[in-house]
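**Q** This is model-v2.pdb, which holds PDB, C-alpha atoms:
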```pdb
ATOM      1  CA  MET A   1       3.419 -66.255-101.073
ATOM      2  CA  THR A   2       1.901 -67.543-104.250
ATOM      3  CA  SER A   3      -1.790 -67.245-104.738
ATOM      4  CA  ILE A   4      -3.697 -70.268-105.882
ATOM      5  CA  THR A   5      -5.937 -69.401-108.817
ATOM      6  CA  TRP A   6      -9.540 -70.417-109.218
ATOM      7  CA  ARG A   7      -8.614 -72.288-112.361
ATOM      8  CA  TYR A   8      -6.213 -74.484-110.409
ATOM      9  CA  ARG A   9      -8.795 -75.098-107.697
ATOM     10  CA  GLY A  10     -11.424 -75.923-110.298
ATOM     11  CA  GLY A  11      -9.075 -78.430-111.891
ATOM     12  CA  VAL A  12      -8.480 -80.113-108.558
ATOM     13  CA  VAL A  13     -12.225 -80.285-107.876
ATOM     14  CA  ALA A  14     -12.881 -81.674-111.372
ATOM     15  CA  ARG A  15     -10.188 -84.324-110.916
ATOM     16  CA  THR A  16     -11.517 -85.218-107.494
ATOM     17  CA  VAL A  17     -15.030 -85.728-108.835
ATOM     18  CA  ALA A  18     -13.628 -87.708-111.777
ATOM     19  CA  ALA A  19     -11.621 -89.888-109.416
ATOM     20  CA  ILE A  20     -14.434 -90.518-106.939
ATOM     21  CA  ALA A  21     -17.580 -90.676-109.071
ATOM     22  CA  GLY A  22     -16.091 -91.609-112.427
ATOM     23  CA  GLY A  23     -13.744 -94.099-110.817
ATOM     24  CA  TYR A  24     -16.642 -95.726-108.998
ATOM     25  CA  VAL A  25     -18.654 -96.099-112.208
ATOM     26  CA  LEU A  26     -15.662 -97.421-114.151
ATOM     27  CA  THR A  27     -14.755 -99.839-111.369
ATOM     28  CA  SER A  28     -18.270-101.205-111.021
ATOM     29  CA  ILE A  29     -18.525-101.802-114.767
ATOM     30  CA  ALA A  30     -15.094-103.456-114.847
ATOM     31  CA  SER A  31     -15.947-105.604-111.827
ATOM     32  CA  SER A  32     -19.184-106.780-113.418
ATOM     33  CA  LEU A  33     -17.427-107.577-116.669
ATOM     34  CA  ILE A  34     -14.687-109.512-114.880
ATOM     35  CA  ALA A  35     -17.284-111.505-112.932
ATOM     36  CA  ILE A  36     -19.095-112.440-116.125
ATOM     37  CA  ALA A  37     -15.934-113.201-118.105
ATOM     38  CA  LEU A  38     -14.199-115.493-115.617
ATOM     39  CA  PRO A  39     -14.803-119.177-116.361
ATOM     40  CA  LEU A  40     -15.329-120.090-112.703
ATOM     41  CA  PRO A  41     -18.313-120.863-110.521
ATOM     42  CA  ARG A  42     -20.365-117.722-109.928
ATOM     43  CA  ALA A  43     -19.369-117.273-106.274
ATOM     44  CA  ASP A  44     -15.664-117.570-107.066
ATOM     45  CA  ALA A  45     -15.885-115.232-110.055
ATOM     46  CA  VAL A  46     -17.696-112.589-108.014
ATOM     47  CA  SER A  47     -15.186-112.896-105.163
ATOM     48  CA  ILE A  48     -12.215-112.485-107.497
ATOM     49  CA  ALA A  49     -13.872-109.598-109.331
ATOM     50  CA  THR A  50     -14.588-107.865-106.029
ATOM     51  CA  LEU A  51     -10.986-108.231-104.909
ATOM     52  CA  LEU A  52      -9.721-106.924-108.252
ATOM     53  CA  SER A  53     -12.070-103.942-108.026
ATOM     54  CA  PHE A  54      -9.905-102.462-105.268
ATOM     55  CA  VAL A  55      -6.900-102.569-107.592
ATOM     56  CA  VAL A  56      -8.874-101.084-110.494
ATOM     57  CA  TYR A  57     -10.259 -98.238-108.373
ATOM     58  CA  THR A  58      -6.818 -97.390-107.013
ATOM     59  CA  CYS A  59      -5.326 -97.357-110.516
ATOM     60  CA  VAL A  60      -8.127 -95.118-111.811
ATOM     61  CA  ILE A  61      -7.565 -92.627-108.996
ATOM     62  CA  LEU A  62      -3.823 -92.589-109.597
ATOM     63  CA  TRP A  63      -4.298 -92.149-113.335
ATOM     64  CA  VAL A  64      -6.787 -89.292-112.920
ATOM     65  CA  PHE A  65      -4.329 -87.284-110.842
ATOM     66  CA  ALA A  66      -1.363 -88.198-113.068
ATOM     67  CA  THR A  67      -2.868 -86.829-116.286
ATOM     68  CA  THR A  68      -1.959 -83.403-117.582
ATOM     69  CA  SER A  69      -5.447 -81.909-117.378
ATOM     70  CA  ALA A  70      -8.845 -82.479-115.844
ATOM     71  CA  LEU A  71     -10.384 -82.661-119.313
ATOM     72  CA  ARG A  72      -8.090 -85.542-120.248
ATOM     73  CA  ALA A  73      -8.955 -87.286-116.974
ATOM     74  CA  TRP A  74     -12.693 -86.973-117.623
ATOM     75  CA  THR A  75     -12.290 -88.038-121.246
ATOM     76  CA  GLY A  76     -10.344 -91.125-120.256
ATOM     77  CA  VAL A  77     -12.764 -92.162-117.525
ATOM     78  CA  VAL A  78     -15.838 -91.633-119.701
ATOM     79  CA  ALA A  79     -14.293 -93.367-122.728
ATOM     80  CA  ALA A  80     -13.127 -96.363-120.708
ATOM     81  CA  SER A  81     -16.540 -96.607-119.023
ATOM     82  CA  ALA A  82     -18.278 -96.504-122.409
ATOM     83  CA  VAL A  83     -16.054 -99.196-123.923
ATOM     84  CA  LEU A  84     -16.329-101.488-120.905
ATOM     85  CA  GLY A  85     -20.056-100.786-120.655
ATOM     86  CA  ALA A  86     -20.542-101.816-124.274
ATOM     87  CA  ALA A  87     -18.513-104.970-123.670
ATOM     88  CA  LEU A  88     -20.592-105.716-120.569
ATOM     89  CA  TRP A  89     -23.804-105.170-122.498
ATOM     90  CA  ILE A  90     -22.631-107.535-125.258
ATOM     91  CA  ALA A  91     -21.455-110.131-122.723
ATOM     92  CA  GLY A  92     -24.784-109.906-120.890
ATOM     93  CA  ARG A  93     -26.720-110.398-124.109
ATOM     94  CA  MET A  94     -24.651-113.475-124.951
ATOM     95  CA  ALA A  95     -25.086-115.100-121.542
TER      96      ALA A  95
END
```
Before we go any further, please render this structure as structure tokens.

**A**
Amino acid sequence: MTSITWRYRGGVVARTVAAIAGGYVLTSIASSLIAIALPLPRADAVSIATLLSFVVYTCVILWVFATTSALRAWTGVVAASAVLGAALWIAGRMA
């Protein structure tokens, strides 16, 4: 029987937290940006953004567990959240 190391378990925990918490933050920022960016009535834009958020969250979770390391997963989630957050901030200032 092979023993599972603490390093492996720590990586799984780090990826799980990145997928759940980081994915939620990234998805909420992306959903808000999509709702603002769509040239539709507000109710329609929010509905479409909400539906797309399920796809975004699923893709983030899949990507987090497909990367080679937990550090890369965290870096990608934080970087994407920062870029989309800056775009959301700029779009909010322009509206």

**Q** Grab all the atoms of segment 70-78 of chain A that the file lists, wrap them in a box along x, y and z, add 3 Å per side, and give me centre plus edge lengths in Å (one decimal) as lines of an AutoDock Vina configuration file.

**A**
```
center_x = -12.0
center_y = -87.3
center_z = -118.5
size_x = 13.7
size_y = 15.7
size_z = 11.4
```

**Q** Could you give me, as JSON, numbers by chain, the residues within 12 Å of segment 48-52 of chain A, counting all atoms listed in the file and dropping anything in the same chain fewer than 3 positions from it?

**A** {"A": [27, 28, 29, 30, 31, 32, 33, 34, 35, 36, 37, 38, 39, 40, 41, 42, 43, 44, 45, 55, 56, 57, 58, 59]}

**Q** Quick one, how far is atom CA of Val83 of chain A from atom CA of Val25 of chain A?

**A** 12.4 Å

**Q** May I ask which of the residues A:Val64, A:Met94, A:Ala70, A:Ala82 is the closest one to Gly23 of chain A, counting only C-alpha atoms?

**A** A:Val64

**Q** Could you tell me which residues the PyMOL selection byres ((chain A and resi 15) around 8) grabs in this file, written as a list in words?

**A** Gly11, Val12, Val13, Ala14, Thr16, Val17, Ala18, Ala19, Val64, Phe65, Ala70, Ala73 and Trp74 of chain A

**Q** Quick one, how far is atom CA of Ile90 of chain A from atom CA of Leu26 of chain A?

**A**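 Taking atom CA of Ile90 of chain A and atom CA of Leu26 of chain A, their separation equals 16.6 Å.
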
**Q** Record the distance separating atom CA of Gly22 of chain A and atom CA of Ala80 of chain A, expressed in Å with one decimal.

**A** 10.0 Å

**Q** Which one is closest to Tyr8 of chain A: A:Ser69, A:Tyr24, A:Ala79, A:Ala87? Count all atoms listed in the file.

**A**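 When distances to Tyr8 of chain A are compared using all atoms listed in the file, the smallest one comes from A:Ser69.
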